[in-house]
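All remarks here apply to the structure that follows.
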2 protein chains.
Amino acid sequence: MAQPLASTELTGLQKAIRWHPPSYDIRVDEVPIPRILHPDDAIVKVKLAALCGSDLHIYRGHGGVNAVHICGHEFIGEVVALGSSFVEEVNGRPALYSQLKVGHKIVSPFTSNCGECSVCRLGYTARCPEGFLFGSPALDGGQAQYVRVPKAGGTLFNLSEPSTWSSNMSKTERETALSKLSDSSLLVLADILPTGVFAALQTINHPKVQPVLTGRPWPLCFSPGIEGETLSVLQEDRVFTAAIIGLGPVGVCAAISLLDAVSTRSIPFRIIAIDPNESRRTKMQAVYDTIDESGKKGGDFAVLSIDDAKVKAKEWTHGVGCTAVLEVVGNPSALSLAYDLVRPFGVITSVGVHGEPPLPFNGREVYGKNVSLDFGRCPARAMFPPAFDLLVKRQDIFGGVGEASSLIDSIVSFDEAAASYSSFDKGEVGKVIFDPWK
Amino acid sequence: MAQPLASTELTGLQKAIRWHPPSYDIRVDEVPIPRILHPDDAIVKVKLAALCGSDLHIYRGHGGVNAVHICGHEFIGEVVALGSSFVEEVNGRPALYSQLKVGHKIVSPFTSNCGECSVCRLGYTARCPEGFLFGSPALDGGQAQYVRVPKAGGTLFNLSEPSTWSSNMSKTERETALSKLSDSSLLVLADILPTGVFAALQTINHPKVQPVLTGRPWPLCFSPGIEGETLSVLQEDRVFTAAIIGLGPVGVCAAISLLDAVSTRSIPFRIIAIDPNESRRTKMQAVYDTIDESGKKGGDFAVLSIDDAKVKAKEWTHGVGCTAVLEVVGNPSALSLAYDLVRPFGVITSVGVHGEPPLPFNGREVYGKNVSLDFGRCPARAMFPPAFDLLVKRQDIFGGVGEASSLIDSIVSFDEAAASYSSFDKGEVGKVIFDPWK
């Protein structure tokens, strides 16, 4: 095998979307093209970079930061320079340090991670002690013509060499899929689709959900050898009831992921997707209508406003509450609604980015309802295999741009950066992607 | 099969330990012997009734109640009267309505439950919509000579007929075990041992713990068919690290349960048991020393004060934090310590009874550490099978009274009720059992 191409670092200036304190100040600035700062770095030429709901925390000045920086944590691009750690023999380091080459197409998870500490090895890459969030004062983001990726051998996904990751598909199937997938659809791998899959997998694998899935009561669901008592779980108890709060792009991905998880497991379900914003509900409904029967069979799905959802949840759960609630907003009122909708011994899976406010329930309330809560950031790097499989399965949804059922509304140039942030902040547009070369 | 014995209800007065508002006022009162009020009721002659840490919430006036009532939610006794629902043919109702007879020995979980609604069928008996906590204004408790058990066919465990429940043991093994077990050891089935097993099973089955247990990174631990990437989980990552906060009787049971769960699964472990109270730590250590090698092999166990535990947790987890923390206290400072000790992507299992104060972490903190939290009351009725098996396995610990390694400190008469509540409240004694006939 040949050594990696000697990479020639670029010099000069590039265009980048930068946030300026204290708030609502987005500018396209001319800044230096990033250089290799550490042997593990890669420099990526950005093909597309997306605007994400969680970018709005900093945009609004609620992010607790005050330094000018390049925005954006969702990007796809091509490797243009590699540090000296990228060599033929890696001696136990992540394989990508030997496999990644200049010219390869990559997608990055929204945080960097080393890939070789205990946290990363266990798959919890989003909390690698050496990791950083792209698009923060600690690490410039991807809404630029070039971006520096630290710990690149642990962080990046190599889309040019499908043999470098695992999947339910064969290498050939993956190659075929990759040849068909557009860059804008692959970009959902950076954050929104893995985060949706993360929410669904946390929920479906939670111990409190197992009686519904296995048809064996708690705790016998964990002891296949022990016979149950005379009175056992009935078919009517085995309906998985869930609510998804927040139908932005991540919420829609969570809904798609949850529908896939229950339909592939043949679990009867009743799922309510909730958003106060009518245009988001319309998008969710259009996406649902696009999914073929095999992806939603065996259950009911309703897209509703908050008030209508409360009524429907009572009806569908016979007043008991939902087995699980996926909270995909990131504020106390969404968590409070989740608490109202969840059943006793139910699960709230929260992937929303939460800030300083206290949690909207006290000790008596969480004890009194036996609530389980899962918080936090998706380990997108680790979630890549199942997210990629789902992306291929749902190319109809992720492939389009600007159609009623597309998750992506438009691909615009940097000239529209400030206006796009502003209208996204006001809920006037859905997911926007920037093309730095347009 | 003969019809149940026609039961003759008792009349007249009995002695009962009652709480009087507003606080710290425990009296032994003469009150009427309870009568059958509903066809599903049973009247039980109490043999022994225990004092539990959660009784102190009401004792101290923090329980949010202000009505005089009979205390106690842990009791064992003998059926003396049954309502008219107890008949030979039950037509789909819980089997105990046909199996339970006057004269049978029973233990009750600390809450009543119908056993026939969807919540009960799924095993979540502690939150049955028709259930009540014994020893509350809604339902008189077991610290009396007689107690009324509502929904008795759904609530009670029949210790005279081991065929009426399931277990890892054969019927003969269970009969042999029951013939050896003292009433005071069987009484731990009412609350403290099932609650300990509940905490351990919630923890060990949590999705965030699975990479450590399976040796496959998240989320591949849920997809046995997919191969991992080159860099995989190492043996050193597969050490299950945990802390148990609070070493009252339930905390000790949680430690015994967790040790059993990890040693039977051959999971390497490092477990820290924490309490500021030295006498509780001494008891925990004596209990641990009593467990034979097979029940604790493959790991390290340390009993420590809070400050020492913080240092040890850093050392044992290489600064990352514990995979799981079991919180068995029920106040904000215990939860706050749990948050400090748990790793990113860790699990806090809280079985402490929490009150009005807010949770001691805000949205940013739980998001920032990817924390999972499981709150609430043990469904003791459903937990009976694994708790019984563990009781038999650990007869050495649960069998004794007043020894260094016994969970039960003393069996006293009602004359010592007020003094026992007072010294238990001050942490001067461990678990106290009342004999209403002494």
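As shown in the structure tokens, the chain order sets the letters A, B, ...; within each chain, residues go from 1, and ligands are also counted from 1 in the order they appear.
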
- Message: Tell me as a PyMOL selection string which residues belonging to chain A come within 7 Å of chain B, counting only C-alpha atoms.
- Response: chain A and resi 94-95+118+121-124+127+165-168+202+205-207+211+217-219+226-233+237+344-345+353-359+361-364+366-377+382-383

- Task: Within 10 Å of Val262 of chain B, counting only C-alpha atoms, which residues show up once you throw out same-chain ones fewer than 2 positions away? Write them as a list of chain:residue names, please.
- Result: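 Close residues of Val262 of chain B: B:Ala200, B:Ile204, B:Leu213, B:Phe240, B:Ser257, B:Leu258, B:Leu259, B:Asp260, B:Thr264, B:Arg265, B:Ser266, B:Ile267, B:Pro268, B:Phe269, B:Gly295, B:Lys296, B:Lys297, B:Gly298, B:Gly299.
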
Dump N, CA and C atoms for the selected residues as a compact mmCIF listing (two decimals), in the first residue's frame?
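New file part-v5.txt:
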# COMPACT_ATOMS: atom_id res chain seq x y z
N ALA B 200 -30.87 -2.84 41.53
CA ALA B 200 -29.80 -3.55 40.81
C ALA B 200 -30.24 -3.95 39.40
N ILE B 204 -28.48 -2.78 35.91
CA ILE B 204 -27.74 -3.74 35.09
C ILE B 204 -28.38 -3.92 33.71
N LEU B 213 -21.06 -4.40 29.79
CA LEU B 213 -21.45 -5.79 30.03
C LEU B 213 -21.18 -6.70 28.82
N PHE B 240 -17.26 -2.95 35.53
CA PHE B 240 -18.47 -2.23 35.95
C PHE B 240 -18.15 -1.49 37.24
N SER B 257 -27.72 -7.07 46.32
CA SER B 257 -28.35 -7.39 45.03
C SER B 257 -27.41 -7.09 43.88
N LEU B 258 -26.73 -5.94 43.97
CA LEU B 258 -25.83 -5.57 42.88
C LEU B 258 -24.63 -6.52 42.82
N LEU B 259 -24.09 -6.87 43.99
CA LEU B 259 -22.98 -7.84 44.03
C LEU B 259 -23.43 -9.16 43.42
N ASP B 260 -24.65 -9.59 43.75
CA ASP B 260 -25.16 -10.84 43.19
C ASP B 260 -25.32 -10.73 41.67
N THR B 264 -22.91 -13.17 39.48
CA THR B 264 -23.53 -14.28 38.73
C THR B 264 -23.33 -14.09 37.22
N ARG B 265 -23.15 -12.85 36.77
CA ARG B 265 -22.91 -12.61 35.34
C ARG B 265 -21.41 -12.58 35.01
N SER B 266 -20.57 -12.84 36.02
CA SER B 266 -19.11 -12.81 35.84
C SER B 266 -18.61 -11.49 35.26
N ILE B 267 -19.19 -10.40 35.74
CA ILE B 267 -18.76 -9.06 35.30
C ILE B 267 -17.72 -8.55 36.30
N PRO B 268 -16.52 -8.21 35.83
CA PRO B 268 -15.56 -7.60 36.75
C PRO B 268 -16.13 -6.28 37.29
N PHE B 269 -15.93 -6.02 38.58
CA PHE B 269 -16.58 -4.83 39.16
C PHE B 269 -15.69 -4.13 40.18
N GLY B 295 -20.29 -15.20 45.80
CA GLY B 295 -21.22 -14.07 45.70
C GLY B 295 -20.53 -12.74 45.52
N LYS B 296 -19.21 -12.71 45.49
CA LYS B 296 -18.52 -11.43 45.34
C LYS B 296 -17.23 -11.56 44.55
N LYS B 297 -17.09 -12.66 43.82
CA LYS B 297 -15.84 -12.89 43.11
C LYS B 297 -15.72 -11.97 41.90
N GLY B 298 -14.49 -11.67 41.56
CA GLY B 298 -14.25 -10.92 40.32
C GLY B 298 -14.25 -9.42 40.48
N GLY B 299 -14.18 -8.95 41.72
CA GLY B 299 -14.21 -7.50 41.84
C GLY B 299 -13.73 -6.98 43.18

- Rounded to one decimal place, report the atom CA of Val412 of chain A-atom CA of Val28 of chain A distance in Å.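 These atoms are spaced 13.4 Å apart.
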
- Query: If you run DSSP on the backbone, which residues of segment 88-234 of chain A are helix (DSSP H, G or I), as number ranges by chain?
  - Reply: A: 96-99, 118-121, 125-127, 152-155, 162-164, 171-180, 183-190, 192-204, 207-214, 220-222

- Item | Expected answer as a PyMOL selection string: strand (DSSP E or B) residues in segment 231-301 of chain B | chain B and resi 240-245+269-274+299-301

- Fewer than 2 positions away in the same chain doesn't count, so skip those; otherwise give me all residues within 10 Å of Ser182 of chain A, counting only C-alpha atoms, as a PyMOL selection string. chain A and resi 177-180+184-187+395+398-400

- Task: Extract, using only C-alpha atoms, all DNA, RNA and protein residues at most 12 Å from segment 81-88 of chain A, discarding same-chain residues fewer than 3 positions from it, and format them as a ChimeraX atom specification.
- Result: /A:1-11,33-45,78,91-104,146-154

- Message: One decimal, in Å: what's the spacing between atom CA of Ile411 of chain A and atom CA of Cys71 of chain A?
- Response: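 Separation between atom CA of Ile411 of chain A and atom CA of Cys71 of chain A: 16.6 Å.
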